[in-house]
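Structure below is input23.txt: compact mmCIF, C-alpha atoms.
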```txt
# COMPACT_ATOMS: atom_id res chain seq x y z
CA MET A 71 9.03 13.24 24.03
CA ARG A 72 11.39 15.30 21.87
CA ASN A 73 8.98 15.18 18.92
CA LEU A 74 6.13 16.31 21.18
CA GLN A 75 8.20 19.23 22.45
CA ILE A 76 9.18 20.22 18.91
CA THR A 77 5.56 20.00 17.74
CA SER A 78 4.36 22.14 20.65
CA PHE A 79 7.04 24.76 19.97
CA LYS A 80 6.23 24.86 16.27
CA HIS A 81 2.53 25.39 17.01
CA LYS A 82 3.36 28.29 19.32
CA LEU A 83 5.35 29.83 16.48
CA LYS A 84 2.35 29.42 14.21
CA LEU A 85 0.09 31.31 16.60
CA LEU A 86 2.52 34.25 16.61
CA ALA A 87 3.22 34.28 12.88
CA LEU A 88 -0.24 33.59 11.49
CA THR A 89 -1.67 36.92 12.63
CA SER A 90 -0.05 39.02 9.90
CA VAL A 91 -0.72 36.54 7.11
CA MET A 92 -4.28 35.66 8.09
CA ALA A 93 -5.28 39.31 8.47
CA VAL A 94 -4.86 39.63 4.74
CA MET A 95 -6.01 36.12 3.86
CA SER A 96 -9.40 36.40 5.58
CA ALA A 97 -10.58 38.40 2.58
CA THR A 98 -8.69 36.43 -0.07
CA SER A 99 -9.40 32.77 0.62
CA THR A 100 -11.19 31.55 -2.49
CA ALA A 101 -9.56 29.83 -5.44
CA GLN A 102 -10.92 32.54 -7.77
CA GLU A 103 -8.95 35.37 -6.12
CA LYS A 104 -6.02 36.96 -7.90
CA LEU A 105 -3.19 37.02 -5.38
CA ALA A 106 0.28 38.54 -5.49
CA ILE A 107 2.36 37.12 -2.64
CA THR A 108 5.40 39.35 -2.34
CA GLY A 109 8.74 39.59 -0.57
CA ALA A 110 9.38 35.90 0.11
CA GLN A 111 12.27 33.65 -0.81
CA ILE A 112 10.64 31.38 -3.39
CA HIS A 113 11.87 27.84 -4.05
CA THR A 114 10.25 27.26 -7.43
CA MET A 115 11.76 23.78 -7.97
CA GLY A 116 11.55 24.65 -11.66
CA PRO A 117 13.76 26.42 -14.21
CA LYS A 118 13.69 29.69 -12.23
CA GLY A 119 15.37 28.05 -9.27
CA ILE A 120 15.42 30.02 -6.01
CA ILE A 121 14.24 33.63 -6.15
CA VAL A 122 15.63 35.53 -3.17
CA GLU A 123 12.85 38.13 -2.96
CA GLY A 124 10.10 37.52 -5.47
CA THR A 125 6.39 37.57 -6.15
CA LEU A 126 4.12 34.60 -6.70
CA LEU A 127 1.08 35.39 -8.83
CA ILE A 128 -2.04 33.22 -8.39
CA GLU A 129 -5.14 33.37 -10.57
CA ASP A 130 -8.14 31.03 -10.69
CA GLY A 131 -6.38 28.39 -8.61
CA LYS A 132 -3.37 28.26 -10.92
CA ILE A 133 0.11 29.77 -10.85
CA LYS A 134 0.11 32.66 -13.28
CA ASP A 135 3.78 33.56 -12.91
CA VAL A 136 6.74 33.81 -10.55
CA LEU A 137 8.48 37.20 -10.66
CA SER A 138 11.95 38.10 -9.47
CA ASN A 139 10.75 41.39 -7.97
CA ASN A 140 7.95 42.72 -5.76
CA THR A 141 5.72 43.95 -8.57
CA VAL A 142 1.97 43.71 -7.95
CA PRO A 143 0.03 43.79 -11.26
CA ALA A 144 -3.26 45.63 -11.46
CA GLY A 145 -6.19 43.63 -10.16
CA PHE A 146 -4.13 41.44 -7.84
CA THR A 147 -4.49 41.49 -4.06
CA LYS A 148 -1.14 41.89 -2.34
CA VAL A 149 -0.11 39.49 0.42
CA ASP A 150 3.08 40.62 2.14
CA ALA A 151 5.27 37.61 2.90
CA SER A 152 8.50 39.51 3.48
CA GLY A 153 11.10 37.44 5.28
CA LYS A 154 9.13 34.23 4.69
CA VAL A 155 9.92 31.18 2.54
CA ILE A 156 7.58 29.77 -0.09
CA THR A 157 7.84 26.23 -1.45
CA PRO A 158 5.57 23.99 -3.49
CA GLY A 159 3.27 21.96 -1.29
CA PHE A 160 5.01 18.89 0.07
CA MET A 161 3.96 15.49 -1.27
CA GLY A 162 3.86 12.52 1.10
CA ALA A 163 5.53 9.60 -0.62
CA LEU A 164 3.93 6.20 0.09
CA THR A 165 1.70 6.85 3.09
CA SER A 166 -1.49 5.30 4.45
CA LEU A 167 -3.28 8.65 4.84
CA GLY A 168 -7.04 8.44 4.64
CA LEU A 169 -7.03 4.67 5.02
CA VAL A 170 -6.34 4.31 8.73
CA GLU A 171 -7.27 6.44 11.74
CA VAL A 172 -6.45 4.45 14.87
CA GLY A 173 -4.86 1.21 13.79
CA LEU A 174 -5.99 -1.01 16.69
CA SER A 175 -9.48 0.39 17.30
CA ALA A 176 -12.24 2.60 15.91
CA GLY A 177 -13.62 0.02 13.51
CA VAL A 178 -12.21 -1.30 10.26
CA ASN A 179 -8.62 -0.46 9.37
CA ASP A 180 -8.98 0.04 5.62
CA SER A 181 -5.23 0.09 5.07
CA ARG A 182 -5.04 -3.64 5.81
CA VAL A 183 -6.54 -6.22 3.47
CA ASP A 184 -7.04 -9.92 4.21
CA ALA A 185 -6.97 -12.44 1.37
CA HIS A 186 -10.14 -12.41 -0.73
CA PRO A 187 -11.21 -14.68 -3.63
CA VAL A 188 -11.13 -11.77 -6.11
CA SER A 189 -7.33 -11.75 -5.89
CA SER A 190 -4.79 -14.53 -5.56
CA VAL A 191 -1.71 -12.27 -5.28
CA GLY A 192 -3.14 -8.99 -3.95
CA ALA A 193 -2.65 -6.78 -7.01
CA ALA A 194 -6.36 -6.23 -7.63
CA TYR A 195 -7.19 -4.51 -4.32
CA ASP A 196 -7.89 -0.83 -4.91
CA SER A 197 -7.29 1.81 -2.23
CA GLN A 198 -9.48 4.46 -3.90
CA PHE A 199 -12.60 2.76 -2.53
CA ALA A 200 -11.29 2.80 1.03
CA PHE A 201 -10.20 6.45 1.21
CA ASN A 202 -11.90 8.60 3.85
CA ALA A 203 -11.63 12.37 3.27
CA ASP A 204 -12.84 13.02 6.84
CA SER A 205 -9.80 11.43 8.45
CA THR A 206 -8.43 13.75 11.14
CA LEU A 207 -4.91 12.75 10.09
CA LEU A 208 -5.30 14.68 6.84
CA ASP A 209 -5.57 18.00 8.68
CA VAL A 210 -2.72 17.05 11.02
CA THR A 211 -0.52 16.41 7.99
CA ARG A 212 -1.70 19.38 5.92
CA ILE A 213 -0.85 22.07 8.47
CA GLU A 214 2.79 20.91 8.38
CA GLY A 215 3.01 21.89 4.70
CA PHE A 216 1.68 18.86 2.82
CA THR A 217 -0.81 19.32 0.00
CA SER A 218 -0.82 15.86 -1.60
CA ALA A 219 0.22 12.28 -0.91
CA ALA A 220 0.52 8.81 -2.32
CA THR A 221 -1.50 6.44 -0.15
CA GLY A 222 -1.59 2.67 -0.27
CA LEU A 223 -2.54 -0.61 1.34
CA ARG A 224 -0.81 -3.46 3.13
CA THR A 225 -1.79 -7.07 2.51
CA SER A 226 -0.56 -10.50 3.52
CA GLN A 227 -0.19 -11.44 -0.14
CA LEU A 228 2.48 -10.82 -2.77
CA PHE A 229 1.31 -7.35 -3.88
CA ASP A 230 -0.03 -4.58 -1.67
CA GLY A 231 -2.75 -3.60 -4.08
CA GLN A 232 -3.17 -0.41 -6.09
CA GLY A 233 -2.41 2.89 -4.39
CA ALA A 234 -3.81 6.33 -5.15
CA ILE A 235 -2.68 9.95 -5.24
CA ILE A 236 -4.77 12.20 -2.99
CA SER A 237 -5.11 15.93 -2.49
CA LEU A 238 -5.00 17.25 1.06
CA GLY A 239 -7.46 20.02 0.32
CA ASP A 240 -10.82 20.16 2.06
CA GLU A 241 -12.86 18.51 -0.70
CA LEU A 242 -14.64 15.19 -0.19
CA GLU A 243 -13.60 14.02 -3.65
CA SER A 244 -9.89 14.06 -2.83
CA VAL A 245 -8.62 11.07 -4.84
CA THR A 246 -7.01 12.76 -7.83
CA HIS A 247 -5.28 9.74 -9.41
CA PRO A 248 -6.71 6.29 -8.60
CA GLN A 249 -4.75 3.15 -9.46
CA ALA A 250 -1.59 5.27 -9.45
CA PHE A 251 0.91 2.59 -8.42
CA VAL A 252 1.30 -1.03 -7.35
CA HIS A 253 3.50 -1.99 -4.41
CA VAL A 254 5.40 -5.21 -3.60
CA ASP A 255 7.75 -6.00 -0.70
CA VAL A 256 10.69 -8.29 -1.54
CA GLY A 257 12.35 -7.84 1.86
CA ASN A 258 11.96 -9.90 5.01
CA GLY A 259 8.31 -8.97 5.44
CA GLY A 260 7.37 -9.91 1.92
CA ALA A 261 9.29 -13.19 2.08
CA ASP A 262 7.59 -14.09 5.35
CA ASN A 263 4.17 -13.69 3.71
CA ASN A 264 5.10 -15.61 0.57
CA GLY A 265 6.38 -19.08 1.34
CA GLU A 266 8.62 -17.74 4.13
CA SER A 267 11.49 -17.49 1.68
CA ARG A 268 12.68 -15.29 -1.17
CA ALA A 269 13.05 -18.56 -3.09
CA ALA A 270 9.25 -18.62 -3.38
CA LEU A 271 8.58 -14.89 -3.46
CA TRP A 272 10.73 -14.14 -6.50
CA VAL A 273 9.35 -17.06 -8.52
CA ALA A 274 5.82 -15.84 -7.72
CA LEU A 275 6.69 -12.26 -8.68
CA ASN A 276 8.21 -13.26 -12.01
CA GLN A 277 5.29 -15.60 -12.73
CA SER A 278 2.77 -12.83 -11.97
CA LEU A 279 4.40 -10.39 -14.37
CA GLU A 280 4.77 -13.04 -17.07
CA GLU A 281 1.07 -13.84 -16.82
CA ALA A 282 0.21 -10.14 -17.02
CA LEU A 283 2.21 -9.94 -20.25
CA PHE A 284 0.32 -12.94 -21.58
CA ALA A 285 -2.98 -11.28 -20.59
CA LEU A 286 -2.20 -8.37 -22.90
CA SER A 287 -3.41 -10.47 -25.83
CA TYR A 288 -5.92 -12.62 -23.97
CA ASP A 289 -9.67 -12.29 -23.46
CA LEU A 290 -10.12 -11.91 -19.68
CA SER A 291 -13.91 -11.96 -19.80
CA PRO A 292 -15.67 -14.53 -17.54
CA SER A 293 -16.80 -16.47 -20.61
CA GLU A 294 -13.21 -17.49 -21.34
CA GLY A 295 -11.17 -19.90 -19.28
CA TRP A 296 -8.24 -18.60 -17.24
CA GLU A 297 -5.78 -21.01 -15.68
CA GLY A 298 -3.17 -18.56 -14.47
CA MET A 299 -1.73 -18.36 -10.96
CA ILE A 300 -2.99 -14.78 -10.70
CA SER A 301 -6.71 -14.00 -10.90
CA ARG A 302 -8.35 -12.16 -13.78
CA ALA A 303 -8.65 -9.07 -11.58
CA ASP A 304 -4.95 -9.29 -10.73
CA ALA A 305 -4.06 -9.55 -14.41
CA LYS A 306 -6.09 -6.44 -15.22
CA ALA A 307 -4.32 -4.55 -12.44
CA LEU A 308 -0.84 -5.68 -13.54
CA ILE A 309 -1.24 -5.05 -17.28
CA PRO A 310 -0.49 -1.30 -16.96
CA VAL A 311 2.47 -2.22 -14.73
CA VAL A 312 4.17 -4.45 -17.30
CA GLN A 313 3.40 -1.83 -19.95
CA GLY A 314 5.18 0.81 -17.88
CA ASP A 315 2.10 3.01 -17.47
CA THR A 316 1.84 2.39 -13.70
CA PRO A 317 4.90 2.51 -11.40
CA LEU A 318 5.87 -0.65 -9.55
CA LEU A 319 7.11 0.29 -6.09
CA VAL A 320 9.41 -2.37 -4.66
CA THR A 321 10.45 -2.39 -1.01
CA ALA A 322 13.99 -3.74 -0.64
CA HIS A 323 16.57 -3.07 2.05
CA ARG A 324 19.65 -5.22 1.62
CA ALA A 325 22.04 -4.88 -1.28
CA ASN A 326 21.34 -8.32 -2.78
CA ASP A 327 17.59 -7.65 -2.85
CA ILE A 328 18.21 -4.30 -4.55
CA LEU A 329 20.32 -6.00 -7.22
CA GLN A 330 17.51 -8.51 -7.78
CA VAL A 331 15.12 -5.60 -8.32
CA LEU A 332 17.46 -4.08 -10.91
CA ALA A 333 17.67 -7.47 -12.63
CA LEU A 334 13.85 -7.60 -12.66
CA LYS A 335 13.80 -4.29 -14.49
CA LYS A 336 16.12 -5.77 -17.15
CA ARG A 337 13.89 -8.85 -17.56
CA PHE A 338 10.78 -6.72 -18.00
CA ALA A 339 12.12 -3.81 -20.01
CA ASN A 340 9.02 -1.60 -19.78
CA LEU A 341 8.72 -1.68 -15.99
CA ASP A 342 8.72 1.70 -14.25
CA VAL A 343 10.48 0.52 -11.08
CA VAL A 344 10.78 2.61 -7.92
CA LEU A 345 12.81 1.34 -4.96
CA VAL A 346 11.40 1.86 -1.48
CA HIS A 347 13.65 2.17 1.59
CA ALA A 348 16.84 0.78 -0.02
CA SER A 349 18.64 0.96 3.33
CA ASP A 350 21.74 -0.57 1.73
CA GLY A 351 21.26 1.50 -1.41
CA TRP A 352 24.48 3.45 -0.90
CA ARG A 353 26.43 0.21 -1.39
CA VAL A 354 25.06 -0.21 -4.94
CA ALA A 355 24.33 3.45 -5.67
CA SER A 356 26.10 3.47 -9.04
CA GLN A 357 24.03 0.50 -10.26
CA ILE A 358 20.79 2.15 -9.13
CA ALA A 359 21.74 5.37 -10.90
CA GLU A 360 22.74 3.53 -14.08
CA ALA A 361 19.37 1.78 -14.14
CA ASP A 362 17.64 5.17 -13.69
CA VAL A 363 15.62 3.89 -10.73
CA PRO A 364 14.43 6.46 -8.16
CA VAL A 365 14.32 5.71 -4.43
CA ILE A 366 11.70 6.60 -1.82
CA LEU A 367 13.44 6.39 1.54
CA ASN A 368 13.39 7.21 5.21
CA PRO A 369 16.80 8.76 5.97
CA GLU A 370 16.31 8.06 9.67
CA PHE A 371 16.99 4.35 9.14
CA ASN A 372 20.48 4.19 10.64
CA LEU A 373 20.50 1.06 12.80
CA PRO A 374 20.75 -2.64 11.83
CA GLY A 375 17.25 -3.36 13.12
CA GLU A 376 17.22 -6.68 11.28
CA PHE A 377 19.46 -8.64 8.90
CA ASP A 378 17.88 -6.69 6.05
CA ARG A 379 19.44 -3.44 7.27
CA LEU A 380 22.99 -4.25 8.35
CA GLY A 381 24.35 -1.39 6.24
CA ALA A 382 21.86 1.27 7.33
CA THR A 383 23.37 4.75 7.70
CA LEU A 384 22.22 8.35 8.07
CA GLU A 385 24.35 9.14 5.01
CA ASN A 386 22.31 6.94 2.69
CA ALA A 387 20.29 9.80 1.17
CA GLY A 388 23.36 11.96 0.56
CA ARG A 389 25.35 9.14 -0.99
CA LEU A 390 22.52 8.11 -3.30
CA HIS A 391 22.05 11.70 -4.45
CA GLU A 392 25.77 12.11 -5.05
CA ALA A 393 25.69 9.01 -7.28
CA GLY A 394 22.91 10.57 -9.37
CA VAL A 395 19.87 8.77 -7.91
CA MET A 396 16.59 10.68 -7.65
CA ILE A 397 15.32 10.42 -4.08
CA ALA A 398 12.07 11.21 -2.30
CA ILE A 399 11.77 11.29 1.49
CA GLY A 400 8.96 10.00 3.68
CA VAL A 401 7.51 6.49 3.58
CA ASP A 402 5.31 3.82 5.08
CA THR A 403 3.34 5.81 7.61
CA HIS A 404 0.35 8.05 8.20
CA ASN A 405 2.78 10.21 10.22
CA VAL A 406 4.51 11.60 7.13
CA ARG A 407 4.25 15.13 8.57
CA LEU A 408 7.71 14.45 10.08
CA ALA A 409 9.28 14.06 6.63
CA ALA A 410 10.59 17.65 6.59
CA GLN A 411 12.41 16.99 9.85
CA HIS A 412 13.84 13.80 8.35
CA ALA A 413 14.95 15.76 5.29
CA GLY A 414 16.71 18.24 7.57
CA ASN A 415 18.56 15.40 9.25
CA ALA A 416 19.56 14.11 5.81
CA VAL A 417 21.02 17.56 5.05
CA ALA A 418 23.02 17.34 8.27
CA ASN A 419 24.44 14.07 6.92
CA GLY A 420 25.46 15.06 3.43
CA LEU A 421 22.33 15.72 1.34
CA PRO A 422 22.38 19.19 -0.28
CA HIS A 423 19.63 21.50 0.94
CA ASP A 424 18.06 22.02 -2.49
CA ALA A 425 18.01 18.25 -3.04
CA ALA A 426 16.21 17.83 0.28
CA ILE A 427 13.50 20.30 -0.76
CA ALA A 428 13.24 18.47 -4.09
CA SER A 429 12.82 15.17 -2.23
CA LEU A 430 9.62 16.55 -0.68
CA THR A 431 8.20 18.29 -3.75
CA ILE A 432 9.16 17.81 -7.40
CA ASN A 433 10.84 14.40 -7.01
CA PRO A 434 7.81 12.51 -5.62
CA ALA A 435 5.66 14.30 -8.19
CA LYS A 436 7.94 12.99 -10.96
CA ILE A 437 8.02 9.50 -9.48
CA PHE A 438 4.24 9.25 -9.57
CA GLY A 439 3.87 11.03 -12.90
CA VAL A 440 1.96 14.07 -11.62
CA ASP A 441 4.72 16.66 -12.10
CA ASP A 442 2.81 18.22 -15.00
CA ASN A 443 0.43 19.69 -12.41
CA ILE A 444 2.11 19.79 -8.98
CA GLY A 445 5.56 19.65 -7.40
CA SER A 446 6.96 22.97 -8.64
CA LEU A 447 5.91 26.61 -8.90
CA GLU A 448 5.60 27.17 -12.64
CA SER A 449 3.08 28.99 -14.83
CA GLY A 450 -0.04 26.94 -15.46
CA LYS A 451 0.44 24.47 -12.62
CA GLN A 452 -1.99 24.00 -9.76
CA ALA A 453 -1.37 26.56 -7.03
CA ASP A 454 -0.40 24.18 -4.22
CA PHE A 455 2.16 25.99 -2.09
CA VAL A 456 3.14 26.87 1.47
CA ILE A 457 4.31 30.02 3.24
CA PHE A 458 6.85 29.04 5.91
CA SER A 459 8.14 31.27 8.70
CA GLY A 460 11.69 30.34 7.63
CA ASP A 461 13.69 27.36 6.41
CA PRO A 462 11.11 24.52 6.20
CA LEU A 463 13.76 21.96 7.15
CA GLU A 464 14.45 23.65 10.50
CA VAL A 465 12.38 22.29 13.39
CA THR A 466 12.13 25.80 14.87
CA GLN A 467 10.25 27.06 11.78
CA ALA A 468 6.69 26.28 10.78
CA ALA A 469 4.14 26.41 7.98
CA GLU A 470 2.17 29.63 8.45
CA GLN A 471 -0.31 29.13 5.62
CA VAL A 472 -1.00 26.26 3.24
CA TYR A 473 -2.74 26.74 -0.11
CA VAL A 474 -4.42 24.06 -2.19
CA SER A 475 -5.54 25.06 -5.68
CA GLY A 476 -4.91 28.67 -4.74
CA LYS A 477 -7.18 28.50 -1.71
CA ALA A 478 -5.88 29.24 1.78
CA VAL A 479 -6.98 26.21 3.78
CA SER A 480 -7.68 26.03 7.50
CA MET A 481 -4.61 25.71 9.68
CA GLU A 482 -6.56 23.91 12.38
CA SER A 483 -6.41 20.22 13.19
CA ARG A 484 -7.67 17.99 15.96
CA GLN A 485 -4.30 18.41 17.66
CA THR A 486 -4.38 22.23 17.58
CA LYS A 487 -7.95 22.24 18.87
CA LEU A 488 -6.99 19.99 21.78
CA ARG A 489 -3.96 22.19 22.46
CA ASP A 490 -6.07 25.35 22.49
CA ARG A 491 -8.72 23.70 24.65
CA TYR A 492 -6.37 22.70 27.43
CA LEU A 493 -3.48 25.17 27.11
CA LYS A 494 -5.16 27.70 29.40
CA TYR A 495 -7.79 25.49 30.98
CA THR A 496 -8.75 26.85 34.39
CA GLY A 497 -12.02 25.13 35.11
CA GLU A 498 -12.69 21.92 36.97
CA LYS A 499 -11.10 18.79 35.61
CA PRO A 500 -13.13 16.86 33.00
CA VAL A 501 -15.21 13.92 34.18
CA GLY A 502 -12.53 11.49 33.09
CA TYR A 503 -10.17 12.89 35.74
CA ILE A 504 -12.63 12.80 38.62
CA LYS A 505 -12.67 9.61 40.68
```
With the file now loaded, output its structure as structure tokens.
Amino acid sequence: MRNLQITSFKHKLKLLALTSVMAVMSATSTAQEKLAITGAQIHTMGPKGIIVEGTLLIEDGKIKDVLSNNTVPAGFTKVDASGKVITPGFMGALTSLGLVEVGLSAGVNDSRVDAHPVSSVGAAYDSQFAFNADSTLLDVTRIEGFTSAATGLRTSQLFDGQGAIISLGDELESVTHPQAFVHVDVGNGGADNNGESRAALWVALNQSLEEALFALSYDLSPSEGWEGMISRADAKALIPVVQGDTPLLVTAHRANDILQVLALKKRFANLDVVLVHASDGWRVASQIAEADVPVILNPEFNLPGEFDRLGATLENAGRLHEAGVMIAIGVDTHNVRLAAQHAGNAVANGLPHDAAIASLTINPAKIFGVDDNIGSLESGKQADFVIFSGDPLEVTQAAEQVYVSGKAVSMESRQTKLRDRYLKYTGEKPVGYIK
């Protein structure tokens, strides 16, 4: 109920605040426009840091420059954002966006994959083919300040397939980086699906990576025999993982599982390992930092919901950051739009404010290797950014306008349309309410 009340309040704020911004933006909504957005506090997440009252210059869908004054160069259309806050577009870390709409109905749930002969361990499944750019959840997420996301599958096998990076613009071709990561769960859920014990899961995981290394110098064509535990398709998917070209995301909660993941990274020296959740991460924070392993987490995990999470605490994010661990916030859900609220709660429990903004922007971009184009406001990067009414981590503030590739995108979603339809409804009740 509280989340519904907060969402309703934030949408009311949007209706009040959008008027001034959209009056200007109605004539400046294409990616080819040259925009000078002035007067805002700009969190660049780059070398220029936070500019208290600056100007963001946009040209041809790219960031031309970020100025520390309110100068408007000739040929640029001014957008007054005085008193507002600008950040890079948020990136949803490890979501299922575009793969699932209503999990228990409405046809196939493309985020879930049953075992298929093409894959013996699940690594070969590829989310890019299941993505649906018409999902209503994309708009719901975008109007909260998100411009991109990592989206992935869930299987009943060892690996959860290959995830993709998607843009939350309004283009049908929204998969920007297919085969962007591979995910494996070594916690209770993963053990349950793999021999019902970590004693089986870890042997299978090591065997899979060893076979992928062997496949580096092996002919995987159908004309050649292959007697490995993993399928040919799995081997092809895991080769870039063992080479370090594709991140391996590993879900682990308890401290002993996390230490096993760090040991895995030592055994396979080229692995680009990313921990997911790491609820007990604060207990081994120094080891995680020493291994240079980032963590994607949900800072709201604060209860011992199972034996995997006996050490869960709201201070996990702050403690990991203090130890020198790179963190990103927002995992395992299509409802990642709440990640900014989670980041705010992490700030209330020890995470510095600038680190919380980084956990939603530049850090996930670095984790998935797309920080050369998104995640910060720097010259030459894609103009994905958001104008907020105030501090984006405060639940009483809201995204007023979201830009993707320099284009002001619609701030409507199915939820706002339903709100507007019934907020002042005075007619007879719909048929569904008439007995």
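Atom pair CA of Ala305 (chain A) / CA of Phe438 (chain A) has a distance of 21.1 Å (rounded to one decimal).
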So that I can check the surroundings of region 448-457 of chain A, please list as a PyMOL selection string every protein, DNA and RNA residue that reaches within 10 Å of it, counting all atoms listed in the file and ignoring chain neighbours fewer than 5 positions away.
chain A and resi 91+101+107+110-112+114-118+126-136+151+154-160+212-218+237-239+431+441-443+462+468-478
Using only C-alpha atoms, can you tell me which of A:Ser152, A:Gly295, A:Ser301, A:Leu271 comes closest to Gly192 (chain A)?
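Looking at the shortest contact to Gly192 (chain A), the residue is A:Ser301.
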Could you name the residues that touch Arg268 (chain A) at 9 Å or less, counting all atoms listed in the file, but leaving out those on the same chain fewer than 4 positions away, as a PyMOL selection string?
chain A and resi 256-258+260-262+264+272-273
d(CA of Arg489 (chain A), CA of Leu208 (chain A)) in Å:
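Spanning CA of Arg489 (chain A) to CA of Leu208 (chain A) is a straight-line distance of 17.4 Å.
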Under the rule of at most 8 Å, produce a per-residue listing of region 323-388 of chain A near region 400-421 of chain A: chain, number, name, the closest pair of atoms, and the distance in Å, as a Markdown table, using only C-alpha atoms.
```
| residue | atom | partner | partner_atom | distance |
| --- | --- | --- | --- | --- |
| A:Val346 | CA | A:Val401 | CA | 7.9 |
| A:His347 | CA | A:Val401 | CA | 7.8 |
| A:Ile366 | CA | A:Val401 | CA | 6.8 |
| A:Leu367 | CA | A:Gly400 | CA | 6.1 |
| A:Asn368 | CA | A:Gly400 | CA | 5.5 |
| A:Pro369 | CA | A:Ala416 | CA | 6.0 |
| A:Glu370 | CA | A:His412 | CA | 6.4 |
| A:Leu384 | CA | A:Asn419 | CA | 6.2 |
| A:Glu385 | CA | A:Asn419 | CA | 5.3 |
| A:Ala387 | CA | A:Leu421 | CA | 6.3 |
| A:Gly388 | CA | A:Leu421 | CA | 4.0 |
```
Can you measure CA of Ser197 (chain A) to CA of Asp378 (chain A) for me? One decimal in Å is fine.
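About the pair CA of Ser197 (chain A) and CA of Asp378 (chain A): they are 27.8 Å apart.
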Report as a PDB file with C-alpha atoms, keeping the file's coordinate frame all protein, DNA and RNA residues lying within 7 Å of Leu430 (chain A), evaluated on all atoms listed in the file, omitting residues in the same chain fewer than 3 positions from it.
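File selection.pdb, as written:
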```pdb
ATOM      1  CA  PHE A 160       5.010  18.890   0.070  1.00  0.00           C
ATOM      2  CA  MET A 161       3.960  15.490  -1.270  1.00  0.00           C
ATOM      3  CA  ALA A 398      12.070  11.210  -2.300  1.00  0.00           C
ATOM      4  CA  ILE A 399      11.770  11.290   1.490  1.00  0.00           C
ATOM      5  CA  ALA A 426      16.210  17.830   0.280  1.00  0.00           C
ATOM      6  CA  ILE A 427      13.500  20.300  -0.760  1.00  0.00           C
ATOM      7  CA  ASN A 433      10.840  14.400  -7.010  1.00  0.00           C
ATOM      8  CA  PRO A 434       7.810  12.510  -5.620  1.00  0.00           C
TER       9      PRO A 434
END
```
Just want the 10 Å neighbourhood of Gly145 (chain A), counted on only C-alpha atoms, with same-chain residues fewer than 5 positions away dropped. Output as an MDAnalysis selection string.
chainID A and resid 103:106
